file entry33.txt (compact mmCIF, C-alpha atoms)
# COMPACT_ATOMS: atom_id res chain seq x y z
CA MET A 1 17.61 12.06 37.17
CA ILE A 2 18.90 10.52 33.96
CA LYS A 3 21.57 8.65 35.85
CA THR A 4 19.18 7.23 38.42
CA LYS A 5 16.57 5.75 36.09
CA PRO A 6 18.19 5.13 32.71
CA ILE A 7 16.23 1.92 32.11
CA ARG A 8 12.93 3.78 32.19
CA TYR A 9 14.16 6.15 29.49
CA LEU A 10 15.49 3.34 27.36
CA LEU A 11 12.19 1.49 27.61
CA ALA A 12 10.27 4.63 26.69
CA MET A 13 12.44 5.13 23.61
CA LEU A 14 12.13 1.49 22.61
CA LEU A 15 8.36 1.55 23.00
CA SER A 16 8.08 4.73 21.00
CA THR A 17 10.29 3.39 18.21
CA LEU A 18 8.35 0.13 18.03
CA LEU A 19 5.09 2.07 17.91
CA SER A 20 6.36 4.23 15.06
CA VAL A 21 7.64 1.27 13.08
CA SER A 22 4.40 -0.68 13.52
CA MET A 23 2.42 2.36 12.39
CA LEU A 24 4.57 2.64 9.28
CA ALA A 25 4.33 -1.06 8.58
CA HIS A 26 0.56 -0.75 8.21
CA ALA A 27 0.68 2.08 5.71
CA THR A 28 -0.47 -0.07 2.80
CA THR A 29 -3.00 1.50 0.47
CA LYS A 30 -5.96 -0.29 -1.06
CA GLU A 31 -4.39 0.08 -4.49
CA GLN A 32 -1.24 -1.73 -3.36
CA ALA A 33 -3.31 -4.49 -1.71
CA VAL A 34 -5.35 -5.00 -4.88
CA LYS A 35 -2.14 -5.19 -6.94
CA ALA A 36 -0.77 -7.84 -4.56
CA GLY A 37 -4.08 -9.71 -4.94
CA PHE A 38 -3.69 -9.54 -8.72
CA ILE A 39 -0.23 -11.07 -8.54
CA TYR A 40 -1.53 -13.98 -6.45
CA ASN A 41 -4.48 -14.54 -8.79
CA ILE A 42 -2.23 -14.44 -11.85
CA THR A 43 -0.25 -17.41 -10.46
CA LYS A 44 -3.44 -19.49 -10.64
CA PHE A 45 -3.72 -18.98 -14.40
CA THR A 46 -0.06 -19.36 -15.30
CA VAL A 47 1.71 -22.57 -16.22
CA TRP A 48 5.50 -22.79 -15.84
CA PRO A 49 7.63 -25.30 -17.71
CA ASN A 50 8.23 -28.43 -15.62
CA ALA A 51 11.93 -27.75 -15.26
CA ALA A 52 11.24 -24.31 -13.83
CA TYR A 53 8.61 -25.58 -11.43
CA GLU A 54 10.92 -27.77 -9.38
CA GLY A 55 11.60 -27.11 -5.70
CA ASP A 56 9.46 -27.11 -2.58
CA VAL A 57 8.52 -23.45 -2.62
CA PHE A 58 7.15 -20.88 -5.04
CA ASN A 59 9.57 -17.96 -5.23
CA LEU A 60 8.32 -14.44 -5.73
CA CYS A 61 11.46 -12.39 -6.29
CA LEU A 62 11.47 -8.66 -5.64
CA PHE A 63 13.51 -6.20 -7.66
CA GLY A 64 13.69 -2.60 -6.48
CA ASP A 65 12.88 -1.02 -3.15
CA ASP A 66 9.11 -1.00 -3.11
CA ASN A 67 7.19 -4.18 -2.42
CA LEU A 68 3.81 -2.49 -2.87
CA GLY A 69 4.00 -0.80 0.53
CA GLY A 70 4.23 -4.15 2.31
CA GLY A 71 1.29 -5.52 0.32
CA LEU A 72 3.33 -8.43 -1.00
CA GLU A 73 4.14 -9.54 2.55
CA ALA A 74 0.50 -10.61 2.81
CA LEU A 75 1.15 -13.26 0.14
CA TYR A 76 3.84 -14.93 2.20
CA GLY A 77 2.96 -18.58 2.85
CA LYS A 78 -0.09 -18.63 0.55
CA LEU A 79 -0.24 -21.75 -1.56
CA VAL A 80 0.50 -21.66 -5.28
CA GLY A 81 -0.55 -25.12 -6.38
CA SER A 82 0.85 -27.13 -3.52
CA LYS A 83 3.83 -24.87 -2.83
CA PRO A 84 3.96 -22.10 -0.24
CA LEU A 85 4.85 -18.70 -1.65
CA VAL A 86 8.12 -17.22 -0.43
CA LEU A 87 9.36 -13.66 -0.99
CA ARG A 88 12.98 -13.30 -2.07
CA ARG A 89 14.90 -10.05 -1.99
CA ASN A 90 18.40 -9.26 -3.27
CA VAL A 91 18.51 -12.38 -5.40
CA ASP A 92 21.97 -13.21 -6.72
CA ASP A 93 22.34 -13.48 -10.47
CA THR A 94 23.24 -17.14 -10.05
CA ASP A 95 19.91 -17.80 -8.25
CA LEU A 96 17.64 -16.02 -10.71
CA HIS A 97 16.55 -19.31 -12.25
CA ARG A 98 14.87 -20.17 -8.90
CA CYS A 99 12.40 -17.28 -9.28
CA HIS A 100 8.92 -18.05 -10.58
CA ILE A 101 7.71 -14.46 -10.61
CA ALA A 102 9.84 -11.33 -10.70
CA PHE A 103 8.07 -8.28 -9.32
CA ILE A 104 9.89 -5.19 -10.54
CA ALA A 105 9.04 -2.13 -8.47
CA LYS A 106 8.27 1.23 -10.06
CA ASP A 107 11.53 2.76 -11.17
CA ASN A 108 12.96 4.80 -13.99
CA PRO A 109 12.74 3.10 -17.43
CA GLN A 110 16.52 2.57 -17.68
CA HIS A 111 16.61 0.58 -14.41
CA ILE A 112 13.59 -1.46 -15.44
CA GLN A 113 15.14 -2.19 -18.82
CA LYS A 114 18.35 -3.29 -17.13
CA THR A 115 16.45 -5.68 -14.84
CA LEU A 116 14.42 -7.07 -17.74
CA ASN A 117 17.58 -7.70 -19.75
CA LYS A 118 18.99 -9.62 -16.81
CA LEU A 119 15.84 -11.77 -16.59
CA ARG A 120 15.58 -12.49 -20.30
CA HIS A 121 15.86 -16.20 -21.22
CA ILE A 122 14.79 -17.27 -17.71
CA PRO A 123 11.38 -18.98 -17.52
CA LEU A 124 9.80 -16.59 -15.05
CA LEU A 125 6.88 -14.20 -15.18
CA THR A 126 7.80 -10.52 -15.01
CA VAL A 127 5.25 -8.25 -13.33
CA SER A 128 5.42 -4.56 -12.52
CA ASP A 129 3.20 -1.59 -11.75
CA SER A 130 5.55 0.71 -13.61
CA PRO A 131 3.86 2.65 -16.44
CA ASN A 132 4.22 1.18 -19.98
CA PHE A 133 5.83 -1.96 -18.56
CA ILE A 134 4.69 -4.26 -21.37
CA ASP A 135 6.01 -1.81 -23.97
CA GLN A 136 9.46 -2.15 -22.42
CA GLY A 137 9.45 -5.94 -22.79
CA GLY A 138 7.71 -6.86 -19.51
CA MET A 139 5.02 -9.55 -19.45
CA ILE A 140 2.31 -8.28 -17.10
CA GLY A 141 1.76 -4.65 -16.25
CA LEU A 142 -0.50 -3.62 -13.38
CA VAL A 143 -2.25 -0.44 -14.42
CA ARG A 144 -4.74 1.95 -12.87
CA ASP A 145 -7.62 3.18 -14.93
CA ASP A 146 -9.55 5.93 -13.18
CA ARG A 147 -10.37 4.38 -9.80
CA ARG A 148 -9.78 0.69 -10.52
CA VAL A 149 -6.74 -1.47 -11.03
CA GLY A 150 -6.38 -3.72 -14.05
CA PHE A 151 -3.64 -5.49 -15.94
CA GLU A 152 -2.07 -5.69 -19.39
CA VAL A 153 -0.35 -8.71 -20.89
CA ASP A 154 2.30 -9.04 -23.58
CA ILE A 155 1.53 -12.58 -24.67
CA ARG A 156 4.52 -12.72 -27.00
CA ALA A 157 6.94 -12.06 -24.13
CA VAL A 158 5.12 -14.69 -22.03
CA LYS A 159 5.46 -17.31 -24.78
CA ALA A 160 9.11 -16.38 -25.39
CA ALA A 161 9.86 -17.28 -21.77
CA GLY A 162 8.22 -20.68 -22.24
CA LEU A 163 5.23 -19.88 -20.02
CA HIS A 164 1.55 -20.28 -20.71
CA ILE A 165 -1.24 -17.98 -19.52
CA GLY A 166 -4.83 -19.23 -19.43
CA ALA A 167 -7.43 -17.74 -21.78
CA GLN A 168 -9.63 -16.86 -18.77
CA LEU A 169 -6.99 -14.47 -17.54
CA LEU A 170 -6.46 -12.93 -20.97
CA LYS A 171 -10.19 -12.25 -21.25
CA LEU A 172 -10.03 -10.09 -18.13
CA ALA A 173 -6.98 -8.11 -19.27
CA LYS A 174 -7.39 -4.47 -20.26
CA LYS A 175 -4.96 -4.96 -23.11
CA VAL A 176 -3.31 -8.01 -24.65
CA LYS A 177 -0.29 -7.23 -26.77
CA GLY A 178 1.06 -9.68 -29.36
CA LEU A 179 -2.16 -11.58 -30.13
CA GLU A 180 -2.19 -12.89 -33.68
CA MET B 1 18.29 45.46 38.68
CA ASN B 2 19.17 42.74 41.13
CA LYS B 3 15.52 41.81 41.47
CA ASN B 4 15.22 41.43 37.70
CA LEU B 5 18.25 39.22 37.59
CA GLU B 6 16.85 37.09 40.40
CA LYS B 7 13.56 36.77 38.58
CA THR B 8 15.25 35.70 35.36
CA ASN B 9 17.43 33.31 37.25
CA SER B 10 14.46 31.73 38.99
CA LEU B 11 12.57 31.42 35.69
CA LEU B 12 15.55 29.75 34.06
CA HIS B 13 15.82 27.37 36.99
CA LYS B 14 12.13 26.51 36.72
CA LEU B 15 12.52 25.89 33.00
CA ALA B 16 15.58 23.69 33.53
CA ARG B 17 13.75 21.70 36.21
CA PHE B 18 10.74 21.28 33.94
CA PHE B 19 12.88 19.89 31.11
CA ASN B 20 14.73 17.66 33.54
CA GLU B 21 11.47 16.26 34.92
CA GLN B 22 9.85 15.85 31.51
CA PHE B 23 12.93 14.37 29.88
CA TRP B 24 11.22 10.99 29.53
CA LEU B 25 8.48 12.63 27.46
CA ILE B 26 11.03 14.22 25.15
CA LEU B 27 12.73 10.87 24.71
CA LEU B 28 9.39 9.24 24.01
CA LEU B 29 8.37 11.75 21.39
CA ALA B 30 11.74 12.26 19.70
CA PRO B 31 11.75 9.04 17.60
CA LEU B 32 8.15 9.66 16.60
CA LEU B 33 8.94 13.18 15.43
CA ILE B 34 12.11 12.12 13.60
CA ILE B 35 10.33 9.30 11.76
CA ALA B 36 7.37 11.54 10.96
CA ALA B 37 9.73 14.17 9.53
CA LEU B 38 11.59 11.60 7.45
CA VAL B 39 8.62 9.60 6.20
CA GLY B 40 5.97 12.31 6.09
CA PRO B 41 6.81 13.73 2.66
CA ASN B 42 7.16 10.25 1.08
CA PHE B 43 3.92 9.12 2.65
CA GLN B 44 2.10 12.11 1.22
CA ALA B 45 3.64 11.44 -2.19
CA ASN B 46 2.49 7.84 -1.95
CA LYS B 47 -1.10 9.01 -1.72
CA GLU B 48 -0.89 9.78 -5.42
CA GLN B 49 -3.47 12.47 -5.68
CA THR B 50 -5.21 12.14 -9.00
CA LEU B 51 -7.51 14.38 -10.90
CA ASN B 52 -10.72 12.80 -11.99
CA ALA B 53 -11.66 14.49 -15.22
CA ARG B 54 -14.92 12.66 -15.71
CA SER B 55 -17.02 15.74 -15.15
CA SER B 56 -16.32 19.28 -16.21
CA SER B 57 -15.53 20.23 -12.62
CA ALA B 58 -12.52 18.07 -11.79
CA LYS B 59 -12.84 16.11 -8.55
CA GLN B 60 -9.86 15.23 -6.36
CA SER B 61 -9.40 11.55 -5.47
CA VAL B 62 -7.15 10.02 -2.83
CA SER B 63 -6.03 6.46 -2.24
CA ILE B 64 -7.53 4.57 0.65
CA GLU B 65 -5.28 3.34 3.44
CA ILE B 66 -6.08 -0.06 4.88
CA SER B 67 -5.21 -2.15 7.92
CA SER B 68 -3.29 -5.42 7.79
CA ALA B 69 -6.54 -7.34 8.38
CA GLU B 70 -8.14 -5.67 5.36
CA LEU B 71 -4.99 -6.36 3.35
CA ALA B 72 -5.27 -10.10 4.08
CA LEU B 73 -8.93 -10.04 3.03
CA ILE B 74 -8.23 -8.19 -0.21
CA VAL B 75 -5.38 -10.46 -1.39
CA ALA B 76 -7.67 -13.47 -0.85
CA LYS B 77 -10.32 -12.08 -3.21
CA PRO B 78 -10.86 -13.57 -6.68
CA LEU B 79 -9.78 -11.66 -9.77
CA SER B 80 -13.30 -10.59 -10.74
CA GLU B 81 -13.81 -8.88 -7.38
CA LEU B 82 -10.41 -7.21 -7.52
CA LEU B 83 -11.19 -5.83 -10.96
CA ALA B 84 -14.41 -4.29 -9.68
CA MET B 85 -12.89 -2.82 -6.55
CA GLU B 86 -12.55 0.95 -6.31
CA VAL B 87 -9.17 1.81 -4.90
CA TYR B 88 -9.63 5.56 -4.76
CA SER B 89 -12.28 7.59 -3.08
CA ASP B 90 -13.53 11.08 -3.67
CA HIS B 91 -11.90 12.90 -0.76
CA LYS B 92 -14.30 15.84 -0.82
CA GLN B 93 -17.34 13.58 -0.84
CA LYS B 94 -15.96 11.54 2.06
CA VAL B 95 -15.32 14.61 4.17
CA ARG B 96 -18.75 16.01 3.29
CA ASN B 97 -20.51 12.80 4.34
CA LYS B 98 -18.56 12.62 7.58
CA SER B 99 -19.30 16.21 8.53
CA ARG B 100 -22.95 15.79 7.58
CA LEU B 101 -23.38 12.81 9.89
CA LEU B 102 -21.46 14.56 12.65
CA THR B 103 -23.67 17.63 12.36
CA LEU B 104 -26.82 15.51 12.54
CA ASP B 105 -25.42 13.66 15.52
CA LEU B 106 -24.61 16.85 17.40
CA ALA B 107 -27.88 18.52 16.57
CA GLY B 108 -30.18 15.61 17.25
CA GLY B 109 -28.38 13.90 20.11
CA PHE B 110 -29.22 10.52 18.54
CA SER B 111 -29.08 7.25 20.41
CA ASN B 112 -26.78 4.55 19.04
CA GLU B 113 -29.69 2.71 17.39
CA ALA B 114 -30.96 5.85 15.70
CA TYR B 115 -27.45 6.69 14.56
CA ASN B 116 -26.96 3.20 13.11
CA GLN B 117 -30.33 3.43 11.35
CA LEU B 118 -29.32 6.76 9.89
CA LEU B 119 -26.10 5.23 8.56
CA ILE B 120 -28.00 2.27 7.06
CA ASN B 121 -30.47 4.60 5.35
CA HIS B 122 -27.65 6.76 4.06
CA ILE B 123 -25.81 3.76 2.58
CA ALA B 124 -29.04 2.40 1.05
CA THR B 125 -29.77 5.76 -0.58
CA ARG B 126 -26.27 5.93 -2.04
CA SER B 127 -26.55 2.36 -3.38
CA SER B 128 -29.89 3.06 -5.04
CA ILE B 129 -28.50 6.23 -6.64
CA LYS B 130 -25.51 4.26 -7.95
CA ALA B 131 -27.83 1.54 -9.31
CA SER B 132 -30.06 4.04 -11.07
CA ASP B 133 -26.95 5.75 -12.51
CA LYS B 134 -25.80 2.40 -13.89
CA ASP B 135 -29.27 1.74 -15.37
CA ASN B 136 -29.24 5.13 -17.03
CA VAL B 137 -25.75 4.54 -18.46
CA GLY B 138 -26.72 1.04 -19.60
CA GLY B 139 -29.98 2.19 -21.13

call {"tool": "encode", "arguments": {"input": "entry33.txt", "output": "structure tokens"}}
result
Amino acid sequence: MIKTKPIRYLLAMLLSTLLSVSMLAHATTKEQAVKAGFIYNITKFTVWPNAAYEGDVFNLCLFGDDNLGGGLEALYGKLVGSKPLVLRRNVDDTDLHRCHIAFIAKDNPQHIQKTLNKLRHIPLLTVSDSPNFIDQGGMIGLVRDDRRVGFEVDIRAVKAAGLHIGAQLLKLAKKVKGLE
Amino acid sequence: MNKNLEKTNSLLHKLARFFNEQFWLILLLAPLLIIAALVGPNFQANKEQTLNARSSSAKQSVSIEISSAELALIVAKPLSELLAMEVYSDHKQKVRNKSRLLTLDLAGGFSNEAYNQLLINHIATRSSIKASDKDNVGG
């Protein structure tokens, strides 16, 4: 029977695999979607130095395995200013200067510190949902307080990278570190 | 003795034929089962069960899964709306509400209109309770 109709079996397997993958692809939680929404909104209140804002696209670079459960894929093609947002994975060290935002996925503190050290002195905004991110030298930490998501900002780290964040955004932050 | 052997043999043949005929079903389900086994534990971990210690009796909260359409809607929302959005729901409350509506539906044999009205009333009641709670907290 297997020999006579192998195509039917192959099709069945293919269909089943596609079904499984599509089911998994939609397993984004509301929390991850809200965090992705935060990242997009933050771009509206951030000003990059002119030299860093060259190019036709706005690069959101991903570090680590998790891209908010696929939540960041929803930002693909959305306009930041006049530039379409593009997601970049596995960015080479030589191309880091092309990133406008670096999203660092939840990881152990040593890995996060290593990534932050690599990104230091590059005019990009570092964002993560890892706990205590701004205490490790990150710029914007996405945090959950009870049932809602919020964000924390280390304004000193933002300024050190040559970026500017609007006062409207700072007003909405749960915590602003480095305000004089 | 021979009869028993024949019976066993016939049963084994039947079983073999069944598996041979239903082989397509096994092939269809195999990837699903493998992926479920691999991803299942991670997916559960991703739900990040949290304990809500607002009241003395701790309530269990679970994250809400959304579709890709909802995802697109959420990422398009302004910051103020995102800040106000509840990303976790009280699992027990959700289950209780569902079972309550189901029980009413089964018992009453409601029409669609009546069922919809019931839902609207239920939501309105919840909203008014929330509003009065806020007033009390504010006052």

call {"tool": "atom_distance", "arguments": {"input": "entry33.txt", "atom1": "atom CA of A:Phe151", "atom2": "atom CA of A:Leu179"}}
result
15.5 Å

call {"tool": "closest_atom_pairs", "arguments": {"input": "entry33.txt", "of": "chain B", "to": "chain A", "cutoff": "7 Å", "atoms": "all atoms listed in the file", "output": "Markdown table"}}
result
| residue | atom | partner | partner_atom | distance |
| --- | --- | --- | --- | --- |
| B:Trp24 | CA | A:Tyr9 | CA | 5.7 |
| B:Leu27 | CA | A:Met13 | CA | 5.9 |
| B:Leu28 | CA | A:Met13 | CA | 5.1 |
| B:Pro31 | CA | A:Thr17 | CA | 5.9 |
| B:Leu32 | CA | A:Ser20 | CA | 5.9 |
| B:Ser63 | CA | A:Thr29 | CA | 6.4 |
| B:Ile64 | CA | A:Lys30 | CA | 5.4 |
| B:Glu65 | CA | A:Thr29 | CA | 4.2 |
| B:Ile66 | CA | A:Thr29 | CA | 5.6 |
| B:Ser67 | CA | A:His26 | CA | 5.9 |
| B:Ser68 | CA | A:His26 | CA | 6.1 |
| B:Leu71 | CA | A:Ala33 | CA | 5.7 |
| B:Ala72 | CA | A:Ala74 | CA | 5.9 |
| B:Ile74 | CA | A:Ala33 | CA | 6.3 |
| B:Val75 | CA | A:Gly37 | CA | 3.9 |
| B:Ala76 | CA | A:Gly37 | CA | 6.6 |
| B:Lys77 | CA | A:Gly37 | CA | 6.9 |
| B:Pro78 | CA | A:Asn41 | CA | 6.8 |
| B:Leu79 | CA | A:Asn41 | CA | 6.1 |
| B:Leu82 | CA | A:Val34 | CA | 6.1 |
| B:Leu83 | CA | A:Gly150 | CA | 6.1 |
| B:Ala84 | CA | A:Arg148 | CA | 6.9 |
| B:Met85 | CA | A:Arg148 | CA | 6.1 |
| B:Glu86 | CA | A:Arg148 | CA | 5.0 |
| B:Val87 | CA | A:Glu31 | CA | 5.1 |
| B:Tyr88 | CA | A:Arg147 | CA | 5.2 |

call {"tool": "atom_distance", "arguments": {"input": "entry33.txt", "atom1": "atom CA of A:Arg156", "atom2": "atom CA of A:Met139"}}
result
8.2 Å

call {"tool": "residues_around", "arguments": {"input": "entry33.txt", "residues": "stretch 106-109 of chain A", "least_positions_apart": "4", "cutoff": "8 Å", "atoms": "all atoms listed in the file", "output": "list in words"}}
result
Gly64, Asp66, Gln113, Ser128, Asp129, Ser130, Pro131 and Gln136 of chain A

call {"tool": "atom_distance", "arguments": {"input": "entry33.txt", "atom1": "atom CA of A:Leu116", "atom2": "atom CA of A:His100"}}
result
14.2 Å

call {"tool": "closest_residue", "arguments": {"input": "entry33.txt", "among": "A:Asp56, A:Asp145, A:Asp95, A:Asp135", "to": "A:Gly178", "atoms": "only C-alpha atoms"}}
result
A:Asp135

call {"tool": "decode", "arguments": {"input": "entry33.txt", "residues": "stretch 112-128 of chain A", "atoms": "N, CA and C atoms", "output": "mmCIF file, in the first residue's frame"}}
result
data_model
loop_
_atom_site.group_PDB
_atom_site.id
_atom_site.type_symbol
_atom_site.label_atom_id
_atom_site.label_comp_id
_atom_site.auth_asym_id
_atom_site.auth_seq_id
_atom_site.Cartn_x
_atom_site.Cartn_y
_atom_site.Cartn_z
ATOM 1 N N ILE A 112 23.868 38.998 28.429
ATOM 2 C CA ILE A 112 23.352 40.347 28.158
ATOM 3 C C ILE A 112 24.482 41.361 28.293
ATOM 4 N N GLN A 113 25.284 41.187 29.339
ATOM 5 C CA GLN A 113 26.407 42.107 29.558
ATOM 6 C C GLN A 113 27.388 42.065 28.382
ATOM 7 N N LYS A 114 27.608 40.856 27.883
ATOM 8 C CA LYS A 114 28.536 40.670 26.763
ATOM 9 C C LYS A 114 28.010 41.413 25.528
ATOM 10 N N THR A 115 26.696 41.263 25.281
ATOM 11 C CA THR A 115 26.089 41.934 24.114
ATOM 12 C C THR A 115 26.158 43.446 24.291
ATOM 13 N N LEU A 116 25.850 43.916 25.495
ATOM 14 C CA LEU A 116 25.885 45.366 25.748
ATOM 15 C C LEU A 116 27.283 45.933 25.556
ATOM 16 N N ASN A 117 28.286 45.179 25.994
ATOM 17 C CA ASN A 117 29.671 45.640 25.823
ATOM 18 C C ASN A 117 30.016 45.788 24.341
ATOM 19 N N LYS A 118 29.486 44.844 23.559
ATOM 20 C CA LYS A 118 29.737 44.859 22.115
ATOM 21 C C LYS A 118 29.087 46.085 21.458
ATOM 22 N N LEU A 119 27.941 46.497 22.016
ATOM 23 C CA LEU A 119 27.170 47.591 21.400
ATOM 24 C C LEU A 119 27.554 48.972 21.931
ATOM 25 N N ARG A 120 28.400 48.970 22.955
ATOM 26 C CA ARG A 120 28.802 50.254 23.538
ATOM 27 C C ARG A 120 29.524 51.101 22.478
ATOM 28 N N HIS A 121 29.339 52.392 22.548
ATOM 29 C CA HIS A 121 29.955 53.352 21.599
ATOM 30 C C HIS A 121 29.313 53.327 20.217
ATOM 31 N N ILE A 122 28.201 52.603 20.060
ATOM 32 C CA ILE A 122 27.483 52.645 18.771
ATOM 33 C C ILE A 122 26.182 53.425 19.026
ATOM 34 N N PRO A 123 25.866 54.384 18.177
ATOM 35 C CA PRO A 123 24.649 55.182 18.440
ATOM 36 C C PRO A 123 23.365 54.428 18.121
ATOM 37 N N LEU A 124 23.046 53.480 18.950
ATOM 38 C CA LEU A 124 21.790 52.729 18.792
ATOM 39 C C LEU A 124 21.099 52.604 20.142
ATOM 40 N N LEU A 125 19.804 52.349 20.080
ATOM 41 C CA LEU A 125 19.006 52.246 21.302
ATOM 42 C C LEU A 125 18.938 50.778 21.715
ATOM 43 N N THR A 126 19.341 50.479 22.953
ATOM 44 C CA THR A 126 19.263 49.085 23.404
ATOM 45 C C THR A 126 17.981 48.886 24.218
ATOM 46 N N VAL A 127 17.227 47.863 23.824
ATOM 47 C CA VAL A 127 15.952 47.550 24.484
ATOM 48 C C VAL A 127 15.927 46.066 24.831
ATOM 49 N N SER A 128 15.382 45.755 25.997
ATOM 50 C CA SER A 128 15.250 44.341 26.363
ATOM 51 C C SER A 128 14.125 44.165 27.369
#
